[in-house]
$ cat final-v7.cif   # mmCIF, C-alpha atoms and all ligand atoms
data_entry
loop_
_atom_site.label_atom_id
_atom_site.label_comp_id
_atom_site.auth_asym_id
_atom_site.auth_seq_id
_atom_site.Cartn_x
_atom_site.Cartn_y
_atom_site.Cartn_z
CA MET A 1 -13.97 4.25 -18.45
CA ARG A 2 -15.72 3.83 -15.08
CA ILE A 3 -14.79 0.73 -13.19
CA GLU A 4 -17.80 -0.91 -11.57
CA LEU A 5 -16.40 -2.46 -8.45
CA ASN A 6 -18.88 -5.32 -8.33
CA ASN A 7 -17.32 -6.76 -11.49
CA ALA A 8 -13.73 -5.98 -10.66
CA HIS A 9 -10.85 -8.18 -9.59
CA ALA A 10 -8.36 -6.53 -7.22
CA LEU A 11 -4.89 -7.76 -6.31
CA VAL A 12 -4.07 -6.39 -2.87
CA CYS A 13 -0.43 -6.76 -1.79
CA GLY A 14 0.70 -6.86 1.82
CA ALA A 15 -2.80 -7.95 2.66
CA SER A 16 -2.32 -10.23 5.65
CA GLN A 17 -2.60 -7.40 8.20
CA GLY A 18 -2.79 -3.66 8.71
CA ILE A 19 -3.61 -1.28 5.88
CA GLY A 20 -3.51 -3.96 3.16
CA ARG A 21 -5.98 -6.14 5.02
CA ALA A 22 -8.31 -3.18 5.53
CA ILE A 23 -8.14 -2.32 1.80
CA ALA A 24 -8.94 -5.92 0.86
CA HIS A 25 -11.92 -5.89 3.20
CA GLU A 26 -13.23 -2.53 1.96
CA LEU A 27 -12.94 -3.48 -1.73
CA ALA A 28 -14.64 -6.83 -1.05
CA LEU A 29 -17.48 -4.98 0.73
CA LEU A 30 -17.89 -2.88 -2.42
CA GLY A 31 -18.20 -6.05 -4.50
CA CYS A 32 -14.68 -6.72 -5.77
CA ARG A 33 -13.21 -10.15 -6.05
CA ILE A 34 -9.96 -10.05 -4.13
CA THR A 35 -6.64 -11.82 -4.50
CA LEU A 36 -4.59 -11.28 -1.36
CA LEU A 37 -0.80 -11.34 -1.59
CA GLY A 38 1.70 -11.81 1.24
CA ARG A 39 4.36 -14.18 2.58
CA ASN A 40 2.47 -15.87 5.35
CA GLU A 41 -0.06 -18.45 4.16
CA PRO A 42 -1.90 -19.02 7.47
CA SER A 43 -2.39 -15.25 7.88
CA LEU A 44 -3.64 -14.90 4.30
CA ARG A 45 -6.02 -17.79 4.80
CA ALA A 46 -7.33 -16.19 8.00
CA VAL A 47 -7.98 -12.89 6.17
CA LEU A 48 -9.59 -14.74 3.26
CA ASP A 49 -12.06 -16.35 5.68
CA THR A 50 -13.21 -12.92 6.91
CA LEU A 51 -13.79 -11.30 3.48
CA PRO A 52 -17.40 -10.60 2.55
CA PRO A 53 -18.43 -12.65 -0.53
CA SER A 54 -18.22 -10.98 -3.94
CA PRO A 55 -20.63 -11.31 -6.87
CA ALA A 56 -17.53 -11.22 -9.10
CA GLY A 57 -16.32 -14.63 -7.90
CA GLU A 58 -14.31 -16.43 -5.26
CA HIS A 59 -11.61 -14.59 -3.35
CA ALA A 60 -8.13 -16.14 -3.42
CA TYR A 61 -4.62 -15.61 -2.15
CA LEU A 62 -1.12 -15.77 -3.55
CA VAL A 63 1.86 -16.56 -1.33
CA ALA A 64 4.90 -14.57 -2.46
CA ASP A 65 7.82 -12.69 -0.97
CA MET A 66 7.87 -9.29 -2.66
CA ALA A 67 11.58 -8.97 -1.88
CA GLN A 68 12.24 -11.86 -4.30
CA THR A 69 11.28 -10.27 -7.60
CA ALA A 70 12.00 -13.31 -9.82
CA ALA A 71 9.90 -15.56 -7.58
CA LEU A 72 7.21 -12.87 -7.45
CA ALA A 73 7.11 -12.76 -11.26
CA ASP A 74 6.72 -16.56 -11.33
CA ALA A 75 3.92 -16.45 -8.74
CA LEU A 76 2.09 -13.85 -10.83
CA THR A 77 1.85 -16.23 -13.79
CA ALA A 78 -0.90 -17.94 -11.75
CA LEU A 79 -2.95 -14.79 -12.41
CA ALA A 80 -2.35 -14.86 -16.17
CA ARG A 81 -5.82 -16.21 -16.96
CA THR A 82 -7.66 -13.90 -14.55
CA PRO A 83 -7.64 -10.24 -15.55
CA VAL A 84 -6.70 -7.89 -12.72
CA ASP A 85 -8.51 -4.54 -12.85
CA ILE A 86 -7.13 -3.02 -9.65
CA LEU A 87 -3.58 -3.32 -8.33
CA ILE A 88 -2.82 -2.17 -4.80
CA ASN A 89 0.95 -1.87 -4.33
CA ASN A 90 1.63 -2.19 -0.62
CA THR A 91 4.21 -3.96 1.53
CA GLY A 92 6.04 -3.75 4.85
CA GLY A 93 7.95 -0.57 5.66
CA PRO A 94 11.76 -0.40 6.02
CA ALA A 95 13.32 -0.54 9.50
CA PRO A 96 13.74 2.75 11.40
CA GLY A 97 17.04 4.56 11.84
CA PRO A 98 18.84 7.67 10.55
CA ALA A 99 19.78 7.74 6.85
CA HIS A 100 23.45 8.52 7.49
CA GLU A 101 23.92 5.33 9.53
CA ALA A 102 22.12 2.99 7.12
CA ALA A 103 24.16 0.43 5.20
CA THR A 104 24.05 0.47 1.41
CA GLU A 105 22.43 -2.99 1.70
CA ASP A 106 19.53 -1.42 3.64
CA PHE A 107 18.86 0.96 0.75
CA GLU A 108 19.19 -1.86 -1.79
CA ALA A 109 16.76 -4.05 0.16
CA ALA A 110 14.22 -1.24 0.44
CA PHE A 111 14.54 -0.42 -3.26
CA ARG A 112 13.95 -4.10 -4.11
CA LEU A 113 11.02 -4.55 -1.72
CA HIS A 114 9.21 -1.35 -2.64
CA LEU A 115 10.14 -0.28 -6.12
CA LEU A 116 11.32 -3.40 -7.94
CA SER A 117 8.44 -5.51 -6.62
CA TYR A 118 5.90 -2.90 -7.73
CA GLN A 119 7.61 -2.69 -11.13
CA THR A 120 7.39 -6.49 -11.38
CA LEU A 121 3.67 -6.32 -10.62
CA VAL A 122 3.14 -3.57 -13.17
CA ARG A 123 5.04 -5.47 -15.88
CA ALA A 124 2.89 -8.53 -15.23
CA LEU A 125 -0.51 -6.85 -14.99
CA VAL A 126 -0.47 -3.67 -17.06
CA PRO A 127 -0.48 -5.42 -20.47
CA GLY A 128 -3.89 -6.91 -19.59
CA MET A 129 -5.18 -3.56 -18.33
CA LYS A 130 -4.01 -1.86 -21.53
CA ALA A 131 -5.68 -4.52 -23.68
CA ARG A 132 -8.98 -4.02 -21.81
CA GLY A 133 -8.65 -0.21 -21.84
CA HIS A 134 -9.05 0.24 -18.09
CA GLY A 135 -7.19 -0.23 -14.86
CA ARG A 136 -6.53 1.26 -11.44
CA ILE A 137 -3.20 1.27 -9.62
CA VAL A 138 -2.79 2.65 -6.11
CA ASN A 139 0.57 2.80 -4.36
CA VAL A 140 0.37 2.90 -0.56
CA ILE A 141 3.38 5.01 0.40
CA SER A 142 3.72 7.49 3.29
CA THR A 143 3.42 11.21 4.02
CA SER A 144 7.23 11.21 4.01
CA VAL A 145 6.86 11.75 0.26
CA LYS A 146 6.02 15.34 1.18
CA GLN A 147 7.84 15.79 4.48
CA PRO A 148 10.61 13.43 5.69
CA LEU A 149 9.81 11.76 9.03
CA PRO A 150 12.41 11.67 11.82
CA ASN A 151 14.41 8.44 12.21
CA LEU A 152 12.98 6.84 9.05
CA GLY A 153 15.93 7.62 6.76
CA VAL A 154 15.77 4.65 4.39
CA SER A 155 12.00 4.79 4.28
CA ASN A 156 11.94 8.54 3.52
CA THR A 157 14.39 7.99 0.68
CA ILE A 158 12.62 5.11 -1.00
CA ARG A 159 9.15 6.66 -0.64
CA GLY A 160 10.18 9.59 -2.82
CA ALA A 161 11.36 7.21 -5.52
CA VAL A 162 8.10 5.24 -5.44
CA ALA A 163 6.03 8.43 -5.60
CA ASN A 164 7.88 9.70 -8.67
CA TRP A 165 7.64 6.27 -10.28
CA GLY A 166 3.87 6.39 -9.70
CA LYS A 167 3.56 9.86 -11.21
CA THR A 168 5.58 8.76 -14.23
CA LEU A 169 3.31 5.76 -14.72
CA ALA A 170 0.24 8.00 -14.46
CA ASN A 171 1.55 10.01 -17.42
CA GLU A 172 2.41 6.90 -19.41
CA LEU A 173 -0.72 4.85 -18.72
CA GLY A 174 -3.43 7.53 -18.70
CA PRO A 175 -3.93 7.22 -22.48
CA PHE A 176 -4.89 3.57 -21.91
CA GLY A 177 -7.60 4.35 -19.36
CA ILE A 178 -5.39 3.36 -16.44
CA THR A 179 -5.07 5.69 -13.45
CA VAL A 180 -2.13 5.59 -11.02
CA ASN A 181 -2.33 7.36 -7.68
CA ASN A 182 -0.34 7.44 -4.45
CA VAL A 183 -2.03 7.24 -1.06
CA LEU A 184 0.07 8.63 1.78
CA PRO A 185 -1.04 7.34 5.18
CA GLY A 186 -0.21 9.23 8.35
CA ALA A 187 0.23 7.36 11.63
CA THR A 188 -2.21 4.47 11.37
CA GLU A 189 -3.06 1.91 14.05
CA THR A 190 -1.30 -1.19 12.72
CA GLU A 191 1.53 -3.49 13.78
CA ARG A 192 3.93 -1.21 11.87
CA LEU A 193 2.95 1.78 14.05
CA ALA A 194 3.13 -0.34 17.22
CA ALA A 195 6.71 -1.32 16.27
CA ILE A 196 7.67 2.33 15.67
CA ILE A 197 6.26 3.31 19.08
CA ARG A 198 8.05 0.38 20.81
CA ASN A 199 11.31 1.37 19.10
CA LYS A 200 11.05 5.00 20.21
CA ALA A 201 10.06 4.02 23.76
CA ALA A 202 13.06 1.68 24.01
CA LYS A 203 15.43 4.37 22.71
CA THR A 204 14.16 7.23 24.88
CA GLY A 205 13.08 5.36 28.02
CA MET A 206 9.60 6.88 27.67
CA ALA A 207 6.49 4.78 28.27
CA GLU A 208 4.85 3.57 25.04
CA GLU A 209 1.62 5.40 25.92
CA ALA A 210 3.58 8.65 26.38
CA VAL A 211 5.24 8.18 22.97
CA ALA A 212 1.83 7.59 21.39
CA GLN A 213 0.38 10.71 23.07
CA GLU A 214 3.32 12.80 21.84
CA MET A 215 2.76 11.53 18.29
CA LYS A 216 -0.94 12.33 18.46
CA GLN A 217 -0.14 15.92 19.47
CA GLU A 218 1.51 16.32 16.04
CA VAL A 219 -1.83 15.56 14.35
CA PRO A 220 -4.44 18.33 14.14
CA LEU A 221 -7.16 15.69 14.65
CA ARG A 222 -5.24 14.49 17.76
CA ARG A 223 -5.63 10.79 16.98
CA PHE A 224 -4.15 8.06 14.82
CA ALA A 225 -5.92 6.84 11.67
CA ARG A 226 -7.77 3.56 11.67
CA PRO A 227 -6.69 1.29 8.77
CA GLU A 228 -10.28 1.46 7.49
CA GLU A 229 -9.85 5.20 6.93
CA ILE A 230 -6.89 4.62 4.61
CA ALA A 231 -8.89 1.89 2.86
CA ALA A 232 -11.80 4.28 2.30
CA ALA A 233 -9.52 6.71 0.44
CA VAL A 234 -8.20 3.87 -1.73
CA ALA A 235 -11.75 2.73 -2.48
CA PHE A 236 -12.67 6.27 -3.56
CA LEU A 237 -9.72 6.41 -5.96
CA VAL A 238 -10.40 3.03 -7.60
CA GLY A 239 -14.19 3.40 -7.75
CA PRO A 240 -16.39 5.37 -10.15
CA SER A 241 -16.07 8.59 -8.09
CA GLY A 242 -12.30 8.64 -8.62
CA ALA A 243 -12.38 8.03 -12.35
CA TYR A 244 -10.85 11.43 -13.26
CA ILE A 245 -8.26 11.52 -10.49
CA ASN A 246 -4.84 10.56 -11.81
CA GLY A 247 -1.24 11.08 -10.76
CA ILE A 248 -1.87 12.54 -7.30
CA ASN A 249 -0.36 12.14 -3.85
CA LEU A 250 -3.27 11.88 -1.39
CA PRO A 251 -2.27 12.29 2.27
CA VAL A 252 -4.67 10.58 4.69
CA ASP A 253 -3.06 11.88 7.85
CA GLY A 254 -5.49 13.90 9.94
CA GLY A 255 -3.72 17.05 8.74
CA ARG A 256 -0.29 16.15 10.15
CA THR A 257 1.71 17.04 7.02
CA ALA A 258 2.79 20.65 7.41
CA CYS A 259 2.49 21.59 3.74
CA LEU A 260 -0.06 21.32 0.95
N1 LIG B 1 0.94 2.20 9.89
C1 LIG B 1 1.42 3.43 9.71
O1 LIG B 1 1.38 4.28 10.61
C2 LIG B 1 1.97 3.82 8.35
C3 LIG B 1 2.18 5.19 8.09
C4 LIG B 1 2.70 5.57 6.86
C5 LIG B 1 3.04 4.60 5.93
N2 LIG B 1 2.82 3.29 6.22
C6 LIG B 1 3.24 2.31 5.22
O2 LIG B 1 2.11 1.63 4.67
C7 LIG B 1 2.49 0.28 4.35
C8 LIG B 1 1.58 -0.69 5.10
O3 LIG B 1 1.68 -0.38 6.47
P1 LIG B 1 1.06 -1.28 7.64
O4 LIG B 1 1.08 -0.40 8.83
O5 LIG B 1 -0.20 -1.91 7.21
O6 LIG B 1 2.23 -2.38 7.78
P2 LIG B 1 2.21 -3.79 8.50
O7 LIG B 1 1.18 -3.84 9.57
O8 LIG B 1 3.63 -4.03 8.86
O9 LIG B 1 1.78 -4.81 7.33
C9 LIG B 1 2.63 -5.02 6.23
C10 LIG B 1 2.03 -6.04 5.30
O10 LIG B 1 2.97 -6.26 4.25
C11 LIG B 1 3.26 -7.65 4.14
N3 LIG B 1 4.66 -7.83 3.79
C12 LIG B 1 5.76 -7.39 4.45
N4 LIG B 1 6.87 -7.76 3.81
C13 LIG B 1 6.48 -8.46 2.73
C14 LIG B 1 7.17 -9.11 1.68
N5 LIG B 1 8.53 -9.13 1.64
N6 LIG B 1 6.46 -9.73 0.73
C15 LIG B 1 5.11 -9.73 0.77
N7 LIG B 1 4.39 -9.12 1.72
C16 LIG B 1 5.07 -8.49 2.70
C17 LIG B 1 2.96 -8.22 5.53
O11 LIG B 1 2.56 -9.57 5.42
P3 LIG B 1 3.51 -10.84 5.65
O12 LIG B 1 4.45 -10.47 6.76
O13 LIG B 1 2.54 -11.91 5.98
O14 LIG B 1 4.18 -11.08 4.34
C18 LIG B 1 1.76 -7.38 5.94
O15 LIG B 1 0.58 -7.92 5.41
C19 LIG B 1 3.97 0.15 4.76
O16 LIG B 1 4.80 0.39 3.67
C20 LIG B 1 4.11 1.22 5.81
O17 LIG B 1 5.42 1.63 6.00
C21 LIG B 1 2.29 2.88 7.39
#
$ encode --input "final-v7.cif" --output "structure tokens"
Amino acid sequence: MRIELNNAHALVCGASQGIGRAIAHELALLGCRITLLGRNEPSLRAVLDTLPPSPAGEHAYLVADMAQTAALADALTALARTPVDILINNTGGPAPGPAHEAATEDFEAAFRLHLLSYQTLVRALVPGMKARGHGRIVNVISTSVKQPLPNLGVSNTIRGAVANWGKTLANELGPFGITVNNVLPGATETERLAAIIRNKAAKTGMAEEAVAQEMKQEVPLRRFARPEEIAAAVAFLVGPSGAYINGINLPVDGGRTACL
């Protein structure tokens, strides 16, 4: 079934800044009613105020910490009476560092924040999607699903798990008219990227601009992505043009990933 975006309700997680905010904005421009989710109420309110109006109804926000899965499940009961057609699973990335130095708690925290929160969202929202015979789920992950990135050991590890979870769901939910796809951003101009550049500059003694230039040299397009460019790929997957695309990993990385 095609999903007409101007009647759709989208829950966009991690929507107070960066890629999530850009996705919320893009889907609102295409007519969706948006519910933003994040921890920081003033930031969510500020994003809400900038969203273009939707013919599908008023935009809203939900304050929840995705690392607290029981509290997240409780917060989602507020959505019980409003069907969600589109779920965008997105949240903050794990801290940098090599895998072999990470504490087991770092892996547990990343598993909870990325996989268990998304599972909580799916358990809450998929029954409604199944009953209506349509739904769209997009997981914002990372190109490290295909090629591990240096000094992002915990992140690399957890991204693979989320990608396989997404592919499994695509197999399970396809018969109900629900597609599940993974979008893999490359280096994208957000606070997350700025923090990675600051971290590398502090470790190496290089200037931040020099670190950024070095990173851009790894990208065939020789520039970082704008968050809007990741959002455009998500919009394609959840809109009518993406109706037959299911279970894929879609890198949006300017060609940086060195494999197909
Ligand atoms: N930017 C890049 O270059 C890049 C590249 C590849 C992959 N990615 C991945 O794509 C995702 C989004 O990246 P981004 O650059 O947009 O990150 P970002 O700028 O750090 O934004 C993260 C968003 O997630 C929310 N968030 C963080 N922890 C949360 C929690 N516990 N509960 C609820 N919301 C939470 C933040 O809002 P609050 O703090 O208000 O809750 C914020 O809105 C991340 O997983 C990132 O690792 C990014």
$ closest_atom_pairs --input "final-v7.cif" --of "chain A" --to "ligand LIG 1 (chain B)" --cutoff "6 Å" --atoms "only C-alpha atoms and all ligand atoms" --output "Markdown table"
| residue | atom | partner | partner_atom | distance |
| --- | --- | --- | --- | --- |
| A:Gly14 | CA | B:LIG1 | O10 | 3.4 |
| A:Ala15 | CA | B:LIG1 | O15 | 4.4 |
| A:Ser16 | CA | B:LIG1 | O15 | 3.7 |
| A:Gln17 | CA | B:LIG1 | O15 | 4.3 |
| A:Gly18 | CA | B:LIG1 | O5 | 3.5 |
| A:Ile19 | CA | B:LIG1 | O5 | 3.7 |
| A:Gly20 | CA | B:LIG1 | O5 | 5.6 |
| A:Gly38 | CA | B:LIG1 | N7 | 3.8 |
| A:Arg39 | CA | B:LIG1 | O14 | 3.6 |
| A:Asn40 | CA | B:LIG1 | O13 | 4.0 |
| A:Ala64 | CA | B:LIG1 | C15 | 5.8 |
| A:Asp65 | CA | B:LIG1 | N6 | 3.7 |
| A:Met66 | CA | B:LIG1 | N6 | 3.7 |
| A:Ala67 | CA | B:LIG1 | N5 | 4.7 |
| A:Asn90 | CA | B:LIG1 | C7 | 5.6 |
| A:Thr91 | CA | B:LIG1 | O10 | 3.8 |
| A:Gly92 | CA | B:LIG1 | C12 | 3.7 |
| A:Gly93 | CA | B:LIG1 | O17 | 3.4 |
| A:Val140 | CA | B:LIG1 | O2 | 5.7 |
| A:Ile141 | CA | B:LIG1 | C6 | 5.5 |
| A:Ser142 | CA | B:LIG1 | C5 | 4.0 |
| A:Pro185 | CA | B:LIG1 | C4 | 4.5 |
| A:Gly186 | CA | B:LIG1 | C3 | 4.7 |
| A:Ala187 | CA | B:LIG1 | O1 | 3.4 |
| A:Thr188 | CA | B:LIG1 | O1 | 3.7 |
| A:Glu189 | CA | B:LIG1 | N1 | 5.8 |
| A:Thr190 | CA | B:LIG1 | O4 | 4.6 |
| A:Glu191 | CA | B:LIG1 | O7 | 4.2 |
| A:Arg192 | CA | B:LIG1 | O8 | 4.1 |
| A:Leu193 | CA | B:LIG1 | O1 | 4.5 |
$ residues_around --input "final-v7.cif" --residues "Asp49 of chain A" --least-positions-apart "5" --cutoff "10 Å" --atoms "all atoms listed in the file" --output "PyMOL selection string"
chain A and resi 43-44+59-60
$ residues_near_point --input "final-v7.cif" --point "(1.7, -15.4, -15.4)" --cutoff "12 Å" --atoms "only C-alpha atoms" --output "MDAnalysis selection string"
chainID A and resid 70:84 120:121 123:125 127:128
$ atom_distance --input "final-v7.cif" --atom1 "atom CA of Gly97 of chain A" --atom2 "atom CA of Gly153 of chain A"
6.0 Å
$ residues_around --input "final-v7.cif" --residues "Leu5 of chain A" --least-positions-apart "2" --cutoff "6 Å" --atoms "only C-alpha atoms" --output "list in words"
Ile3, Asn7, Ala8, Gly31 and Cys32 of chain A
$ closest_residue --input "final-v7.cif" --among "A:Ser117, A:Gln217, A:Asn151, A:Asn181" --to "Ala102 of chain A" --atoms "all atoms listed in the file"
A:Asn151
